[in-house]
Amino acid sequence: MLHFSPIKSVLIALACLLSVVFAMPNFFSKETVAGWPSFLPKKQVALGLDLKGGAHLLMAMDVDSLRKDWLTNTQQDARRQLRDAKIQFSGVGVANNAVNVRLVNATDVEKSLVELRKLNTQIGSALLGTQANSLDIKSEGSLITLAPTEAGFNERITSAIGAALETVRRRIDSLGTTEPSIVRQGRDRILVQVPGFDDTARLKEVVGSTAKLTFHRVHESILPDQAQQGRMPAGFKIFPGDPNADRGGASSYLLQEVPIVQGEDLVDSQQGFDSRTNEPVINFRFNQKGARIFGRFTQDNIGRPFAIVLDDKVLSAPVIRSEILGGSGQISGNFTVESANDLAIKLRSGALPAKLTIVEERTVGASLGQDSVDAGMRAFGIGSAATIVMTVVAYGTFGIFAAIALIVNGLMIVALMSTIGSTLTLPGIAGLVLTIGMAVDANVLIYERIREELRAGKTAISAIDAGFNRAMVAIADSQLTTLAAAIIMFWLGSGPIRGFAVTLTLGIFTSVFTAVTVTRLLVSLWLKSARAKSQKIEVPV
């Protein structure tokens with residue numbers, strides 16, 4: 001129907017007006033927008049790495065260290081499980097990618113299997129027929145082996161990548177950057193793109209380091225050199241010192257391998273200054289569990305040293321002067337303000353499940369990004385102008401209506417992208433250009449249908465009404481097909497591909513709205529004007 005109620009007309013006009021208002025900040029500089037009244041919208045479309053410039057890192061997770069950590073944890077869990085069940089064993093070690101448990105009595109095998117199977121977890125879904133065990137547990141005589149299954153290890157990688165994504169995101173957010181793109185790629189890789197951030201060295205340091213913080217007991221009677229010569233005490237390990245952090249410290253330390261407190265028990269870490277020396281330090285605070293364990297340890301070991309270890313390197317090994325019961329402490333060393341702040345960020349964000357190695361590194365300059373913006377907007381302007389001119393030439397007055405709808409369509413896309421915080425990339429600009437073509441295509445379908453109705457002998461008003469109604473089937477068919485393709489691109493793609501899919505999806509909805517609603521309203525107003533002037537209505541298509 002070509003009739004629009006006053007309420008419907010006002011709502012359509014209001015939607016168009018809001019599109020102009022929310023898109024407006026994108027046509028002014030940030031400084032100008034900042035000076036606007038508070039009631040006006042100020043959000044602008046965020047530019048992607050290829051348009052704004054910035055840092056690009058592709059990182060791969062060290063799956064070998066992930067497997068090693070899993071085996072070490074399984075070894076400790078198996079030892080604890082057997083001790084709690086009071087089952088005697090002569091050794092629990094790791095060899096050939098499996099945990100080997102050797103029992104003292106072969107008669108304890110069945111009982112041991114029952115206890116060790118408690119360490120197993122189910123992977124997948126029984127409903128889908130994909131259920132599997134995380135561990136393959138077998139026995140041969142008095143020897144029991146616990147080997148990670150492929151399904152269990154893949155699940156561990158997926159979980160580790162998910163945790164790493166969140167950790168990396170928290171670290172980058174703490175740097176004060178905006179609109180970073182952090183996505184998983186393939187089985188064990190993470191892609192990081194930070195628009196507007198060109199200090200890749202600092203980004204690599206903040207993002208790439210594992211930041212696994214632990215606190216260990218120091219062996220007092222045996223030196224590391226003596227331990228290397230064959231006097232290694234059970235449960236102890238040699239850790240290297242960090243020359244960049246521990247001034248005057250030893251090159252290596254003999255520490256208890258199992259830490260007193262894990263970094264997971266940290267709840268906060270902030271860069272600060274030592275009240276005596278005014279040097280940059282990191283102030284940290286434990287949770288209730290960590291504070292209790294650390295307080296008990298310091299009570300029992302006054303006058304003895306303990307080591308603060310970061311990523312298997314000793315930051316410092318201070319002597320405990322008094323008990324520390326408040327759950328707070330301080331890490332001092334050879335820090336600058338920036339390095340202390342970066343370390344505090346990493347500790348506060350949590351440790352990475354495994355080491356991330358930089359596979360690919362790129363920096364996109366701001367000038368190159370600006371060239372891309374200029375080229376993309378030039379293509380958008382030329383394409384839009386050519387489309388509008390050809391539409392007006394082909395359809396006259398109705399072509400002007402289509403051109404107005406195209407302009408509203410473009411403003412709506414920009415307004416929606418600004419509102420939802422979507423990032424505009426170079427492929428996104430291509431999506432904008434494609435959307436303009438799709439929007440005018442909907443108008444072409446309507447106008448050509450009107451021509452067919454006129455050739456069939458219908459009156460002008462009947463032909464226009466039928467053209468809008470009957471063209472909807474073809475418009476819906478074409479737009480739904482494109483929407484399905486956009487959804488698949490967003491689901492399976494990443495980075496710029498997703499940017500293109502987002503722009504295309506928004507364009508589908510706005511083009512249907514403008515072609516079917518805005519254009520129809522303009523045609524309806526034109527018909528009312530012609531009737532009011534008592535003119536003969538001739539469809540200019």
# chains A, B, ... in the order shown; residues from 1 in each chain; ligands from 1
call {"tool": "residues_around", "arguments": {"residues": "region 483-490 of chain A", "least_positions_apart": "6", "cutoff": "8 Å", "atoms": "only C-alpha atoms", "output": "PyMOL selection string"}}
result
chain A and resi 497-498+501-502+504-505+508
call {"tool": "select_by_dssp", "arguments": {"residues": "region 229-419 of chain A", "states": "helix (DSSP H, G or I)", "output": "CSV table (one decimal) with N, CA and C atoms, in the first residue's frame"}}
result
chain,number,residue,atom,x,y,z
A,229,GLN,N,77.5,-30.8,40.4
A,229,GLN,CA,78.6,-31.8,40.5
A,229,GLN,C,78.1,-33.1,41.0
A,230,GLY,N,76.8,-33.2,41.3
A,230,GLY,CA,76.2,-34.5,41.7
A,230,GLY,C,75.6,-34.6,43.0
A,231,ARG,N,75.5,-33.4,43.7
A,231,ARG,CA,74.9,-33.4,45.0
A,231,ARG,C,73.5,-32.8,45.0
A,263,GLY,N,51.6,-17.9,41.3
A,263,GLY,CA,51.2,-16.6,40.8
A,263,GLY,C,49.7,-16.5,40.7
A,264,GLU,N,49.0,-17.6,40.5
A,264,GLU,CA,47.6,-17.6,40.4
A,264,GLU,C,46.9,-17.0,41.7
A,265,ASP,N,47.7,-17.0,42.8
A,265,ASP,CA,47.1,-16.5,44.1
A,265,ASP,C,47.3,-15.0,44.2
A,288,GLN,N,43.2,-14.6,49.8
A,288,GLN,CA,43.2,-15.1,51.2
A,288,GLN,C,44.1,-16.4,51.3
A,289,LYS,N,43.9,-17.3,50.4
A,289,LYS,CA,44.7,-18.6,50.4
A,289,LYS,C,46.2,-18.3,50.3
A,290,GLY,N,46.6,-17.5,49.3
A,290,GLY,CA,48.0,-17.2,49.2
A,290,GLY,C,48.6,-16.4,50.4
A,291,ALA,N,47.8,-15.5,50.9
A,291,ALA,CA,48.3,-14.7,52.1
A,291,ALA,C,48.5,-15.7,53.3
A,292,ARG,N,47.6,-16.6,53.5
A,292,ARG,CA,47.7,-17.6,54.6
A,292,ARG,C,49.0,-18.4,54.4
A,293,ILE,N,49.2,-19.0,53.2
A,293,ILE,CA,50.4,-19.8,53.0
A,293,ILE,C,51.7,-19.0,53.1
A,294,PHE,N,51.7,-17.8,52.5
A,294,PHE,CA,52.9,-17.0,52.5
A,294,PHE,C,53.2,-16.5,54.0
A,295,GLY,N,52.1,-16.2,54.7
A,295,GLY,CA,52.3,-15.7,56.1
A,295,GLY,C,52.9,-16.8,57.0
A,296,ARG,N,52.4,-18.1,56.8
A,296,ARG,CA,52.9,-19.2,57.6
A,296,ARG,C,54.3,-19.5,57.2
A,297,PHE,N,54.7,-19.4,55.9
A,297,PHE,CA,56.1,-19.6,55.5
A,297,PHE,C,57.0,-18.6,56.1
A,298,THR,N,56.7,-17.3,56.0
A,298,THR,CA,57.6,-16.3,56.6
A,298,THR,C,57.7,-16.4,58.1
A,299,GLN,N,56.6,-16.8,58.8
A,299,GLN,CA,56.7,-17.0,60.2
A,299,GLN,C,57.8,-18.1,60.6
A,300,ASP,N,57.8,-19.1,59.8
A,300,ASP,CA,58.7,-20.3,60.1
A,300,ASP,C,60.1,-20.1,59.5
A,337,VAL,N,60.6,2.8,35.3
A,337,VAL,CA,59.2,3.0,35.6
A,337,VAL,C,58.3,2.2,34.6
A,338,GLU,N,58.8,2.3,33.3
A,338,GLU,CA,58.0,1.6,32.2
A,338,GLU,C,58.1,0.1,32.4
A,339,SER,N,59.3,-0.5,32.7
A,339,SER,CA,59.4,-1.9,32.8
A,339,SER,C,58.7,-2.4,34.0
A,340,ALA,N,58.7,-1.6,35.1
A,340,ALA,CA,57.9,-2.0,36.3
A,340,ALA,C,56.4,-2.0,36.0
A,341,ASN,N,56.0,-1.0,35.3
A,341,ASN,CA,54.6,-0.9,35.0
A,341,ASN,C,54.1,-2.1,34.1
A,342,ASP,N,55.0,-2.4,33.1
A,342,ASP,CA,54.7,-3.5,32.2
A,342,ASP,C,54.6,-4.8,32.9
A,343,LEU,N,55.6,-5.0,33.8
A,343,LEU,CA,55.6,-6.3,34.6
A,343,LEU,C,54.3,-6.3,35.5
A,344,ALA,N,54.0,-5.2,36.1
A,344,ALA,CA,52.7,-5.2,36.9
A,344,ALA,C,51.5,-5.5,36.1
A,345,ILE,N,51.5,-5.0,34.8
A,345,ILE,CA,50.4,-5.3,33.9
A,345,ILE,C,50.3,-6.8,33.7
A,346,LYS,N,51.5,-7.4,33.4
A,346,LYS,CA,51.5,-8.9,33.1
A,346,LYS,C,51.1,-9.7,34.3
A,347,LEU,N,51.6,-9.4,35.4
A,347,LEU,CA,51.2,-10.1,36.6
A,347,LEU,C,49.7,-9.9,37.0
A,348,ARG,N,49.2,-8.7,36.8
A,348,ARG,CA,47.8,-8.4,37.1
A,348,ARG,C,46.9,-9.2,36.1
A,349,SER,N,47.3,-9.3,34.9
A,349,SER,CA,46.5,-10.0,33.8
A,349,SER,C,46.6,-11.5,33.9
A,366,ALA,N,51.2,5.0,9.8
A,366,ALA,CA,50.0,5.9,9.7
A,366,ALA,C,49.8,6.5,8.3
A,367,SER,N,51.0,6.8,7.7
A,367,SER,CA,50.8,7.4,6.3
A,367,SER,C,50.3,6.4,5.3
A,368,LEU,N,50.7,5.1,5.4
A,368,LEU,CA,50.2,4.1,4.6
A,368,LEU,C,48.7,3.9,4.8
A,369,GLY,N,48.4,3.9,6.1
A,369,GLY,CA,47.0,3.7,6.5
A,369,GLY,C,46.1,4.9,5.9
A,370,GLN,N,46.7,6.1,6.0
A,370,GLN,CA,45.9,7.3,5.5
A,370,GLN,C,45.8,7.2,4.0
A,371,ASP,N,46.8,6.7,3.3
A,371,ASP,CA,46.7,6.5,1.8
A,371,ASP,C,45.6,5.5,1.5
A,372,SER,N,45.4,4.4,2.3
A,372,SER,CA,44.4,3.4,2.1
A,372,SER,C,43.0,4.1,2.4
A,373,VAL,N,42.9,4.9,3.4
A,373,VAL,CA,41.6,5.6,3.6
A,373,VAL,C,41.3,6.5,2.5
A,374,ASP,N,42.3,7.3,2.0
A,374,ASP,CA,42.0,8.2,0.9
A,374,ASP,C,41.6,7.4,-0.4
A,375,ALA,N,42.3,6.3,-0.7
A,375,ALA,CA,42.0,5.6,-1.9
A,375,ALA,C,40.6,4.9,-1.7
A,376,GLY,N,40.3,4.4,-0.6
A,376,GLY,CA,39.0,3.7,-0.3
A,376,GLY,C,37.9,4.7,-0.4
A,377,MET,N,38.0,5.9,0.2
A,377,MET,CA,37.0,6.9,0.2
A,377,MET,C,36.8,7.4,-1.2
A,378,ARG,N,37.9,7.5,-2.0
A,378,ARG,CA,37.8,8.0,-3.4
A,378,ARG,C,37.0,7.0,-4.2
A,379,ALA,N,37.3,5.7,-4.0
A,379,ALA,CA,36.6,4.7,-4.7
A,379,ALA,C,35.1,4.7,-4.3
A,380,PHE,N,34.8,4.9,-3.0
A,380,PHE,CA,33.5,5.0,-2.5
A,380,PHE,C,32.7,6.2,-3.1
A,381,GLY,N,33.4,7.3,-3.2
A,381,GLY,CA,32.8,8.5,-3.7
A,381,GLY,C,32.5,8.4,-5.2
A,382,ILE,N,33.5,7.9,-6.0
A,382,ILE,CA,33.3,7.8,-7.4
A,382,ILE,C,32.2,6.8,-7.7
A,383,GLY,N,32.2,5.6,-7.0
A,383,GLY,CA,31.2,4.6,-7.2
A,383,GLY,C,29.8,5.1,-6.9
A,384,SER,N,29.7,5.8,-5.8
A,384,SER,CA,28.4,6.4,-5.4
A,384,SER,C,27.9,7.4,-6.4
A,385,ALA,N,28.8,8.3,-6.8
A,385,ALA,CA,28.4,9.4,-7.7
A,385,ALA,C,27.9,8.8,-9.0
A,386,ALA,N,28.7,7.8,-9.6
A,386,ALA,CA,28.3,7.2,-10.8
A,386,ALA,C,27.0,6.5,-10.7
A,387,THR,N,26.8,5.8,-9.6
A,387,THR,CA,25.5,5.1,-9.4
A,387,THR,C,24.3,6.0,-9.4
A,388,ILE,N,24.5,7.2,-8.7
A,388,ILE,CA,23.4,8.2,-8.6
A,388,ILE,C,23.1,8.8,-9.9
A,389,VAL,N,24.2,9.1,-10.7
A,389,VAL,CA,24.0,9.8,-12.0
A,389,VAL,C,23.3,8.8,-12.9
A,390,MET,N,23.7,7.6,-13.0
A,390,MET,CA,23.1,6.6,-13.9
A,390,MET,C,21.6,6.3,-13.5
A,391,THR,N,21.3,6.3,-12.2
A,391,THR,CA,20.0,6.1,-11.7
A,391,THR,C,19.1,7.2,-12.1
A,392,VAL,N,19.6,8.4,-11.9
A,392,VAL,CA,18.7,9.6,-12.3
A,392,VAL,C,18.5,9.7,-13.8
A,393,VAL,N,19.5,9.4,-14.6
A,393,VAL,CA,19.4,9.4,-16.0
A,393,VAL,C,18.4,8.4,-16.5
A,394,ALA,N,18.4,7.2,-15.9
A,394,ALA,CA,17.6,6.1,-16.3
A,394,ALA,C,16.1,6.2,-15.8
A,395,TYR,N,15.9,6.8,-14.6
A,395,TYR,CA,14.6,6.8,-14.1
A,395,TYR,C,14.0,8.2,-13.7
A,396,GLY,N,14.7,9.3,-14.0
A,396,GLY,CA,14.2,10.6,-13.9
A,396,GLY,C,13.9,11.0,-12.4
A,397,THR,N,12.7,11.4,-12.2
A,397,THR,CA,12.3,11.8,-10.8
A,397,THR,C,12.4,10.7,-9.8
A,398,PHE,N,12.0,9.5,-10.3
A,398,PHE,CA,12.1,8.3,-9.4
A,398,PHE,C,13.6,8.0,-9.1
A,399,GLY,N,14.4,8.3,-10.1
A,399,GLY,CA,15.9,8.1,-9.9
A,399,GLY,C,16.4,9.0,-8.8
A,400,ILE,N,15.8,10.3,-8.7
A,400,ILE,CA,16.2,11.2,-7.6
A,400,ILE,C,15.8,10.6,-6.3
A,401,PHE,N,14.6,10.0,-6.2
A,401,PHE,CA,14.1,9.4,-5.0
A,401,PHE,C,15.1,8.3,-4.6
A,402,ALA,N,15.5,7.5,-5.5
A,402,ALA,CA,16.5,6.4,-5.3
A,402,ALA,C,17.8,6.9,-4.8
A,403,ALA,N,18.2,8.1,-5.3
A,403,ALA,CA,19.5,8.7,-4.9
A,403,ALA,C,19.4,9.2,-3.5
A,404,ILE,N,18.3,9.8,-3.1
A,404,ILE,CA,18.1,10.2,-1.7
A,404,ILE,C,18.1,9.0,-0.8
A,405,ALA,N,17.5,7.9,-1.2
A,405,ALA,CA,17.5,6.7,-0.4
A,405,ALA,C,18.9,6.1,-0.2
A,406,LEU,N,19.7,6.2,-1.3
A,406,LEU,CA,21.1,5.8,-1.2
A,406,LEU,C,21.9,6.5,-0.2
A,407,ILE,N,21.7,7.9,-0.2
A,407,ILE,CA,22.4,8.7,0.7
A,407,ILE,C,22.0,8.4,2.2
A,408,VAL,N,20.7,8.2,2.4
A,408,VAL,CA,20.2,7.8,3.7
A,408,VAL,C,20.8,6.4,4.1
A,409,ASN,N,20.9,5.5,3.1
A,409,ASN,CA,21.4,4.2,3.4
A,409,ASN,C,22.9,4.3,3.9
A,410,GLY,N,23.7,5.1,3.2
A,410,GLY,CA,25.1,5.2,3.6
A,410,GLY,C,25.2,5.8,5.0
A,411,LEU,N,24.4,6.8,5.3
A,411,LEU,CA,24.4,7.4,6.6
A,411,LEU,C,24.0,6.4,7.7
A,412,MET,N,23.0,5.6,7.4
A,412,MET,CA,22.6,4.6,8.4
A,412,MET,C,23.6,3.6,8.7
A,413,ILE,N,24.4,3.1,7.7
A,413,ILE,CA,25.5,2.2,7.9
A,413,ILE,C,26.5,2.8,8.8
A,414,VAL,N,26.9,4.0,8.5
A,414,VAL,CA,28.0,4.7,9.3
A,414,VAL,C,27.5,4.9,10.7
A,415,ALA,N,26.2,5.3,10.9
A,415,ALA,CA,25.6,5.5,12.2
A,415,ALA,C,25.6,4.2,13.0
A,416,LEU,N,25.2,3.1,12.4
A,416,LEU,CA,25.1,1.8,13.1
A,416,LEU,C,26.5,1.3,13.5
A,417,MET,N,27.5,1.5,12.6
A,417,MET,CA,28.9,1.1,12.9
A,417,MET,C,29.4,1.9,14.0
A,418,SER,N,29.1,3.2,14.1
A,418,SER,CA,29.6,4.0,15.2
A,418,SER,C,28.9,3.6,16.5
A,419,THR,N,27.6,3.3,16.4
A,419,THR,CA,26.9,3.0,17.7
A,419,THR,C,27.3,1.6,18.3
call {"tool": "residues_around", "arguments": {"residues": "Ile260 (chain A)", "least_positions_apart": "3", "cutoff": "7 Å", "atoms": "only C-alpha atoms", "output": "PyMOL selection string"}}
result
chain A and resi 215-217
call {"tool": "write_last_selection", "arguments": {"atoms": "C-alpha atoms", "output": "compact mmCIF listing (two decimals), in the first residue's frame"}}
result
# COMPACT_ATOMS: atom_id res chain seq x y z
CA PHE A 215 57.78 -18.06 45.14
CA HIS A 216 60.31 -20.76 46.12
CA ARG A 217 62.35 -21.92 49.10
call {"tool": "residues_around", "arguments": {"residues": "Leu113 (chain A)", "least_positions_apart": "2", "cutoff": "12 Å", "atoms": "only C-alpha atoms", "output": "list of chain:residue names"}}
result
A:Ala78, A:Gln81, A:Leu82, A:Ala85, A:Ile87, A:Val101, A:Leu103, A:Ala106, A:Thr107, A:Asp108, A:Val109, A:Glu110, A:Lys111, A:Glu115, A:Leu116, A:Arg117, A:Lys118, A:Leu119, A:Asn120, A:Asp136, A:Ile137, A:Lys138, A:Ser139, A:Glu140, A:Ser142, A:Leu143, A:Ile144, A:Thr145, A:Leu146
call {"tool": "atom_distance", "arguments": {"atom1": "CA of Leu310 (chain A)", "atom2": "CA of Leu213 (chain A)"}}
result
4.6 Å
call {"tool": "select_by_dssp", "arguments": {"residues": "region 63-305 of chain A", "states": "strand (DSSP E or B)", "output": "number ranges by chain"}}
result
A: 89-95, 98-103, 122-123, 132-133, 135-140, 143-148, 181-185, 189-195, 213-218, 236-241, 252-256, 261-262, 266-273, 280-286, 305
call {"tool": "atom_distance", "arguments": {"atom1": "CA of Glu155 (chain A)", "atom2": "CA of Gln193 (chain A)"}}
result
25.9 Å
call {"tool": "closest_residue", "arguments": {"among": "A:Ser524, A:Pro305, A:Ala439, A:Phe89", "to": "Ser5 (chain A)", "atoms": "only C-alpha atoms"}}
result
A:Ser524
